[in-house]
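Accompanying notes for the structure given below.
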Amino acid sequence: MIQRIVVKIGSSSLTSDTGGLNPDKIRFFASELAQLQKDGNQVLLVTSGAVAAGFTSLGYRTRPKVLHEKQAAAAVGQALLMQAYHEAFASHGISVAQILLTRYDFSNRKRVQNAIMTIDELLQRGVVPIINENDTVAVDELKFGDNDTLSALVGNLAKASKLIIITDMDGLYTDDPRKNANAQRIDRVAAISDELFSFAGGSGSAVGTGGMRSKVEAARIAMRGGVPVFIGRVLEPGDLANAVGGSGKGTYFDTVLNNLPVKKQWVGFHSLPQGQILVDPGARSALMSGGKSLLPAGIIGATGDFHPGDVVEVLSNEGTLLGRGVVNYAAWQIQAAAGLSTEEVQKRVEVARIEVIHRDEWVPLA
C-alpha cells in the first residue's frame, strides 16, 4: 500500500550556524527523501530556510527581525533554496516543484481545493512538492509563525499516512536533556495534555523560529486530522526510513482518528472564525461526547458579528475552546434564542434550521 509521507525540515537542519545554506545537508536530506520515494512512498517536503539562506547575501550579520527585511531575505533565499533542492534531487533522477502558501490560501476553500489538486497531480507524476510559506508577501498577523504548523496543515490536507518533523533533538523529553541529566525521553504519546506542553521549551537556534512547543502543537493539529506524527532526529543514512518505519530516534504521536474530509479540515483548522458562542456544561457534553448538534437551549451567550454560514468558535462556560462549526443563526438570533427550548425558539425567531450548529458541520478541537 502506497504511503503518503510529509516531511518537515527546519532552518537549523539546513544551514550553517551563522546562516546560509549548507550544501552537504541539502544533499543528505535529498538522498533520504529520494530513498523514501524509491521504496514506493509518495513524498511531500515542507521546508524552512528561505530567510536563513538569503539574509547573508543581503549583508545582514544575523537573521533579520523587521518584517520588510525578512521579506527581502526570503525573496533572495527562496531562489537559492529551490536551486539547491533541484540540483540535489536531480542527481537521483527526481523532479521537484515549488509551492508557496500563506494562511489566506488555507482560509479560502477554493484556493485550498486548488492546492490539493495540484499536490495530487504532482505526486501522481513522481514529482516531490516542496512547500514553504510565502514569506515575501505574508504579514505577521497572518503568518503561521513557523513551518511546523504549516506541515501539520499540509499533512491533514494531503491525507498523509505520516508526518515526520525533523529537529535537532531526538524527541520530546520530560525536561531539557542539555541541562538536566535525569530528563527522560517520551517514546510514545497517545494524547497531548497540558503537562506534555509544559515539557516543551522555546526556539532552539539562532536561525530557526520553531522550538519543541510549536512541534507539539503541530502534532496535536495533525493528530486531530487523523495523521500520526514523529518528532525527532535524522542525522545518518537510513534514519528517515527508520522514522517512517517506527524505529526512529524520537517521539511518536499516535492517533486513532480518521482523516477528516476537506470541508471539516477547512472548518476546524483553516477558516477565520467570525465570532464565539459560549455553552453550558450540558451542551458541552452533548457536543464533545454525545455526537449531538448544538441547540439554543445549551447556549449562554455569543460575541461577534456573524451570519448563517459563517464559522464560529464554541467555548465552554469557563472559556475553554471546544471546537468550531458552521453556524445557522445570525449573532442577533443567538442572543434572542439563547437558553430557550426548541418550541420557544420557533415561536420567537425565524430560522432555517433549529440546530445552531449541526453535528455534520462541527469539528471538536479540545
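Residue numbering restarts at 1 in every chain; chains get A, B, ... in the order shown in the C-alpha cells, and ligands count up from 1 in that same order.
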
Exercise. Could you give me, as an MDAnalysis selection string, each residue of range 167-339 of chain A that DSSP assigns to strand (DSSP E) when run on this structure's backbone?
Key: chainID A and resid 172:173 185:186 188:189 229:233 249:253 275:279 299:304 311:316 321:326

Exercise. Considering only C-alpha atoms, return as a PyMOL selection string whatever protein or nucleic-acid residues lie within 8 Å of Ile130 in chain A, sequence-local ones (same chain, fewer than 2 positions apart) excluded.
Key: chain A and resi 44-47+96-99+128+132

Selection export as a JSON list (two decimals), in the first residue's frame, atoms kept: all heavy atoms:
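Listed below is the output, result-v4.json:
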[["chain", "number", "residue", "atom", "x", "y", "z"],
["A", 44, "LEU", "N", 6.15, 14.40, 0.27],
["A", 44, "LEU", "CA", 6.00, 15.86, 0.24],
["A", 44, "LEU", "C", 7.00, 16.45, 1.23],
["A", 44, "LEU", "O", 7.15, 15.94, 2.34],
["A", 44, "LEU", "CB", 4.59, 16.29, 0.66],
["A", 44, "LEU", "CG", 3.40, 15.86, -0.19],
["A", 44, "LEU", "CD1", 2.87, 14.51, 0.28],
["A", 44, "LEU", "CD2", 2.30, 16.91, -0.10],
["A", 45, "LEU", "N", 7.66, 17.51, 0.84],
["A", 45, "LEU", "CA", 8.63, 18.16, 1.70],
["A", 45, "LEU", "C", 8.12, 19.55, 2.08],
["A", 45, "LEU", "O", 7.81, 20.36, 1.20],
["A", 45, "LEU", "CB", 9.98, 18.28, 0.99],
["A", 45, "LEU", "CG", 11.05, 19.13, 1.69],
["A", 45, "LEU", "CD1", 11.38, 18.57, 3.07],
["A", 45, "LEU", "CD2", 12.30, 19.21, 0.82],
["A", 46, "VAL", "N", 8.01, 19.80, 3.37],
["A", 46, "VAL", "CA", 7.74, 21.15, 3.87],
["A", 46, "VAL", "C", 9.05, 21.67, 4.43],
["A", 46, "VAL", "O", 9.61, 21.08, 5.36],
["A", 46, "VAL", "CB", 6.64, 21.15, 4.96],
["A", 46, "VAL", "CG1", 6.46, 22.55, 5.53],
["A", 46, "VAL", "CG2", 5.33, 20.62, 4.40],
["A", 47, "THR", "N", 9.55, 22.72, 3.84],
["A", 47, "THR", "CA", 10.89, 23.18, 4.19],
["A", 47, "THR", "C", 10.91, 24.62, 4.66],
["A", 47, "THR", "O", 10.19, 25.47, 4.15],
["A", 47, "THR", "CB", 11.84, 23.04, 2.98],
["A", 47, "THR", "OG1", 13.17, 23.44, 3.35],
["A", 47, "THR", "CG2", 11.39, 23.91, 1.80],
["A", 96, "VAL", "N", 11.43, 18.24, -8.83],
["A", 96, "VAL", "CA", 10.79, 18.89, -7.69],
["A", 96, "VAL", "C", 9.93, 20.05, -8.19],
["A", 96, "VAL", "O", 10.12, 20.55, -9.30],
["A", 96, "VAL", "CB", 11.83, 19.41, -6.67],
["A", 96, "VAL", "CG1", 12.64, 18.27, -6.09],
["A", 96, "VAL", "CG2", 12.75, 20.45, -7.32],
["A", 97, "ALA", "N", 8.98, 20.45, -7.36],
["A", 97, "ALA", "CA", 8.10, 21.58, -7.70],
["A", 97, "ALA", "C", 7.96, 22.47, -6.48],
["A", 97, "ALA", "O", 7.89, 21.99, -5.34],
["A", 97, "ALA", "CB", 6.73, 21.07, -8.14],
["A", 98, "GLN", "N", 7.90, 23.77, -6.71],
["A", 98, "GLN", "CA", 7.77, 24.73, -5.63],
["A", 98, "GLN", "C", 6.30, 25.11, -5.42],
["A", 98, "GLN", "O", 5.61, 25.44, -6.38],
["A", 98, "GLN", "CB", 8.57, 25.99, -5.95],
["A", 98, "GLN", "CG", 8.39, 27.11, -4.95],
["A", 98, "GLN", "CD", 9.22, 28.32, -5.30],
["A", 98, "GLN", "OE1", 10.26, 28.57, -4.70],
["A", 98, "GLN", "NE2", 8.77, 29.10, -6.28],
["A", 99, "ILE", "N", 5.86, 25.05, -4.15],
["A", 99, "ILE", "CA", 4.52, 25.52, -3.79],
["A", 99, "ILE", "C", 4.67, 26.46, -2.60],
["A", 99, "ILE", "O", 5.13, 26.04, -1.54],
["A", 99, "ILE", "CB", 3.58, 24.35, -3.44],
["A", 99, "ILE", "CG1", 3.41, 23.40, -4.63],
["A", 99, "ILE", "CG2", 2.22, 24.88, -2.99],
["A", 99, "ILE", "CD1", 2.55, 22.19, -4.34],
["A", 128, "VAL", "N", 8.34, 15.60, -6.41],
["A", 128, "VAL", "CA", 8.31, 15.92, -4.98],
["A", 128, "VAL", "C", 7.88, 17.39, -4.81],
["A", 128, "VAL", "O", 8.63, 18.30, -5.19],
["A", 128, "VAL", "CB", 9.68, 15.71, -4.32],
["A", 128, "VAL", "CG1", 9.68, 16.21, -2.88],
["A", 128, "VAL", "CG2", 10.07, 14.23, -4.36],
["A", 132, "ASN", "N", 6.64, 25.74, 1.12],
["A", 132, "ASN", "CA", 7.14, 26.70, 2.09],
["A", 132, "ASN", "C", 6.10, 27.80, 2.24],
["A", 132, "ASN", "O", 5.24, 27.97, 1.38],
["A", 132, "ASN", "CB", 8.48, 27.28, 1.62],
["A", 132, "ASN", "CG", 9.27, 27.95, 2.74],
["A", 132, "ASN", "OD1", 8.81, 28.05, 3.88],
["A", 132, "ASN", "ND2", 10.47, 28.42, 2.43]]

Quiz item: range 18-91 of chain A: which residues are helix (DSSP H, G or I) by DSSP, as a PyMOL selection string?
Solution: chain A and resi 23-38+50-54+67-90

Quiz prompt | For Glu133 in chain A: contacts at 7 Å, only C-alpha atoms, fewer than 4 positions along chain excluded, given as a ChimeraX atom specification | solution = /A:100-102

Quiz item: So which one's closest to Lys159 in chain A, A:Ile116, A:Ala75, A:Val267, A:Ala84? Using only C-alpha atoms, please.
Solution: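 Selected residue with least distance to Lys159 in chain A: A:Ile116.
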
Quiz item: Counting only C-alpha atoms, what is within 7 Å of Gly268 in chain A, bar same-chain residues fewer than 4 positions away, as an MDAnalysis selection string?
Solution: chainID A and resid 264 324 363

Practice problem: Write out as a list of chain:residue names the residues lying within 7 Å of range 19-36 of chain A, counting only C-alpha atoms and excluding same-chain residues fewer than 5 positions away. | Solution: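 Here the qualifying residues turn out to be A:Leu14, A:Asn41, A:Ala52, A:Ala53, A:Gly54, A:Thr56, A:Ala84, A:Tyr85, A:Ala88, A:Phe89, A:His92, A:Val207, A:Pro237, A:Gly238, A:Leu240, A:Ala241.
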
All heavy atoms of the current selection, written as an mmCIF file, in the first residue's frame:
data_model
loop_
_atom_site.group_PDB
_atom_site.id
_atom_site.type_symbol
_atom_site.label_atom_id
_atom_site.label_comp_id
_atom_site.auth_asym_id
_atom_site.auth_seq_id
_atom_site.Cartn_x
_atom_site.Cartn_y
_atom_site.Cartn_z
ATOM 1 N N LEU A 14 19.266 22.805 7.891
ATOM 2 C CA LEU A 14 19.695 23.029 6.505
ATOM 3 C C LEU A 14 20.814 24.035 6.360
ATOM 4 O O LEU A 14 21.426 24.133 5.298
ATOM 5 C CB LEU A 14 18.500 23.522 5.672
ATOM 6 C CG LEU A 14 17.308 22.579 5.552
ATOM 7 C CD1 LEU A 14 16.146 23.306 4.886
ATOM 8 C CD2 LEU A 14 17.678 21.333 4.771
ATOM 9 N N ASN A 41 6.913 5.161 -1.672
ATOM 10 C CA ASN A 41 6.108 6.163 -0.983
ATOM 11 C C ASN A 41 5.932 7.419 -1.837
ATOM 12 O O ASN A 41 6.757 7.713 -2.703
ATOM 13 C CB ASN A 41 6.788 6.560 0.330
ATOM 14 C CG ASN A 41 7.021 5.388 1.252
ATOM 15 O OD1 ASN A 41 6.077 4.779 1.746
ATOM 16 N ND2 ASN A 41 8.289 5.053 1.484
ATOM 17 N N ALA A 52 16.791 32.207 6.151
ATOM 18 C CA ALA A 52 18.135 31.845 6.604
ATOM 19 C C ALA A 52 19.116 31.768 5.447
ATOM 20 O O ALA A 52 20.289 32.132 5.582
ATOM 21 C CB ALA A 52 18.088 30.509 7.346
ATOM 22 N N ALA A 53 18.639 31.305 4.293
ATOM 23 C CA ALA A 53 19.517 31.197 3.127
ATOM 24 C C ALA A 53 19.831 32.551 2.514
ATOM 25 O O ALA A 53 20.906 32.740 1.934
ATOM 26 C CB ALA A 53 18.857 30.301 2.076
ATOM 27 N N GLY A 54 18.918 33.514 2.639
ATOM 28 C CA GLY A 54 19.058 34.767 1.916
ATOM 29 C C GLY A 54 19.646 35.925 2.673
ATOM 30 O O GLY A 54 20.163 36.863 2.056
ATOM 31 N N THR A 56 22.299 36.458 4.511
ATOM 32 C CA THR A 56 23.726 36.770 4.386
ATOM 33 C C THR A 56 24.031 37.403 3.030
ATOM 34 O O THR A 56 24.934 38.247 2.919
ATOM 35 C CB THR A 56 24.573 35.507 4.585
ATOM 36 O OG1 THR A 56 24.145 34.498 3.659
ATOM 37 C CG2 THR A 56 24.440 34.971 5.996
ATOM 38 N N ALA A 84 19.116 24.715 -4.849
ATOM 39 C CA ALA A 84 19.854 23.675 -4.140
ATOM 40 C C ALA A 84 19.078 22.360 -4.123
ATOM 41 O O ALA A 84 19.646 21.282 -4.353
ATOM 42 C CB ALA A 84 20.156 24.137 -2.719
ATOM 43 N N TYR A 85 17.786 22.429 -3.859
ATOM 44 C CA TYR A 85 16.968 21.206 -3.865
ATOM 45 C C TYR A 85 16.885 20.607 -5.270
ATOM 46 O O TYR A 85 16.956 19.378 -5.440
ATOM 47 C CB TYR A 85 15.565 21.514 -3.342
ATOM 48 C CG TYR A 85 15.428 21.497 -1.852
ATOM 49 C CD1 TYR A 85 14.884 22.585 -1.157
ATOM 50 C CD2 TYR A 85 15.819 20.383 -1.103
ATOM 51 C CE1 TYR A 85 14.740 22.563 0.214
ATOM 52 C CE2 TYR A 85 15.676 20.357 0.277
ATOM 53 C CZ TYR A 85 15.145 21.453 0.937
ATOM 54 O OH TYR A 85 15.002 21.427 2.300
ATOM 55 N N ALA A 88 20.089 18.791 -5.979
ATOM 56 C CA ALA A 88 20.270 17.617 -5.126
ATOM 57 C C ALA A 88 19.344 16.474 -5.535
ATOM 58 O O ALA A 88 19.761 15.311 -5.591
ATOM 59 C CB ALA A 88 20.034 18.002 -3.666
ATOM 60 N N PHE A 89 18.080 16.770 -5.840
ATOM 61 C CA PHE A 89 17.142 15.717 -6.244
ATOM 62 C C PHE A 89 17.417 15.235 -7.662
ATOM 63 O O PHE A 89 17.179 14.065 -7.981
ATOM 64 C CB PHE A 89 15.703 16.210 -6.131
ATOM 65 C CG PHE A 89 15.125 16.113 -4.741
ATOM 66 C CD1 PHE A 89 15.109 17.208 -3.887
ATOM 67 C CD2 PHE A 89 14.598 14.916 -4.276
ATOM 68 C CE1 PHE A 89 14.578 17.118 -2.617
ATOM 69 C CE2 PHE A 89 14.060 14.802 -3.003
ATOM 70 C CZ PHE A 89 14.060 15.918 -2.165
ATOM 71 N N HIS A 92 19.327 12.161 -8.250
ATOM 72 C CA HIS A 92 18.613 10.902 -8.012
ATOM 73 C C HIS A 92 17.531 10.676 -9.069
ATOM 74 O O HIS A 92 16.712 9.758 -8.937
ATOM 75 C CB HIS A 92 17.975 10.908 -6.621
ATOM 76 C CG HIS A 92 18.955 11.041 -5.502
ATOM 77 N ND1 HIS A 92 19.643 9.952 -4.989
ATOM 78 C CD2 HIS A 92 19.381 12.134 -4.808
ATOM 79 C CE1 HIS A 92 20.440 10.371 -4.012
ATOM 80 N NE2 HIS A 92 20.300 11.684 -3.885
ATOM 81 N N VAL A 207 18.904 30.554 13.890
ATOM 82 C CA VAL A 207 18.384 30.672 12.527
ATOM 83 C C VAL A 207 16.981 30.113 12.380
ATOM 84 O O VAL A 207 16.349 30.258 11.346
ATOM 85 C CB VAL A 207 19.327 29.978 11.504
ATOM 86 C CG1 VAL A 207 20.673 30.658 11.488
ATOM 87 C CG2 VAL A 207 19.481 28.492 11.807
ATOM 88 N N PRO A 237 22.445 8.183 7.271
ATOM 89 C CA PRO A 237 21.705 7.472 6.221
ATOM 90 C C PRO A 237 20.821 6.382 6.816
ATOM 91 O O PRO A 237 21.252 5.604 7.673
ATOM 92 C CB PRO A 237 22.816 6.881 5.344
ATOM 93 C CG PRO A 237 23.972 7.808 5.538
ATOM 94 C CD PRO A 237 23.899 8.251 6.969
ATOM 95 N N GLY A 238 19.563 6.353 6.384
ATOM 96 C CA GLY A 238 18.613 5.361 6.893
ATOM 97 C C GLY A 238 17.772 5.848 8.042
ATOM 98 O O GLY A 238 16.759 5.225 8.392
ATOM 99 N N LEU A 240 15.784 8.442 8.225
ATOM 100 C CA LEU A 240 14.442 8.854 7.807
ATOM 101 C C LEU A 240 13.565 7.634 7.564
ATOM 102 O O LEU A 240 12.396 7.600 7.970
ATOM 103 C CB LEU A 240 14.513 9.726 6.561
ATOM 104 C CG LEU A 240 13.184 10.321 6.075
ATOM 105 C CD1 LEU A 240 12.486 11.104 7.184
ATOM 106 C CD2 LEU A 240 13.402 11.219 4.863
ATOM 107 N N ALA A 241 14.109 6.619 6.911
ATOM 108 C CA ALA A 241 13.351 5.381 6.691
ATOM 109 C C ALA A 241 12.983 4.738 8.021
ATOM 110 O O ALA A 241 11.873 4.210 8.192
ATOM 111 C CB ALA A 241 14.161 4.417 5.834
#

Set the distance at 12 Å and use only C-alpha atoms: which residues neighbour Gly282 in chain A once local chain neighbours fewer than 4 positions away are removed? I'd like the list as a tab-separated table (two decimals) with C-alpha atoms, in the first residue's frame.
chain	number	residue	atom	x	y	z
A	278	LEU	CA	-20.50	30.12	24.95
A	286	ALA	CA	-23.58	16.72	24.01
A	287	LEU	CA	-21.08	18.20	21.54
A	288	MET	CA	-17.89	16.56	22.79
A	289	SER	CA	-19.03	13.06	23.70
A	290	GLY	CA	-22.68	12.68	22.73
A	292	LYS	CA	-25.18	15.75	19.12
A	293	SER	CA	-25.85	19.06	17.41
A	294	LEU	CA	-25.78	22.36	19.29
A	295	LEU	CA	-29.27	23.58	20.18
A	296	PRO	CA	-30.27	27.04	21.52
A	297	ALA	CA	-31.15	25.64	24.96
A	298	GLY	CA	-27.48	24.98	25.75
A	299	ILE	CA	-26.22	28.44	24.79
A	300	ILE	CA	-25.20	31.02	27.40
A	316	SER	CA	-17.26	26.30	27.44
A	317	ASN	CA	-18.70	28.45	30.21
A	339	GLY	CA	-31.27	29.25	26.67

Self-check item: Near-Gln276 in chain A list (12 Å; only C-alpha atoms; drop same-chain fewer than 5 positions) as a ChimeraX atom specification
Solution: /A:299-307,310-317,319-327,330-331,334-335

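Minimum atom-to-atom distances from A:Asp360, A:Ala72, A:Leu163, A:Asn134 to Gly291 in chain A were compared using only C-alpha atoms, and the lowest value belongs to A:Asp360.
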
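Interatomic distance, CA of Ala115 in chain A against CA of Pro364 in chain A: 24.5 Å.
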
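Among the candidates A:Ala190, A:Ala200, A:Ala90, A:Val112, the one nearest to Thr255 in chain A when counting only C-alpha atoms is A:Ala190.
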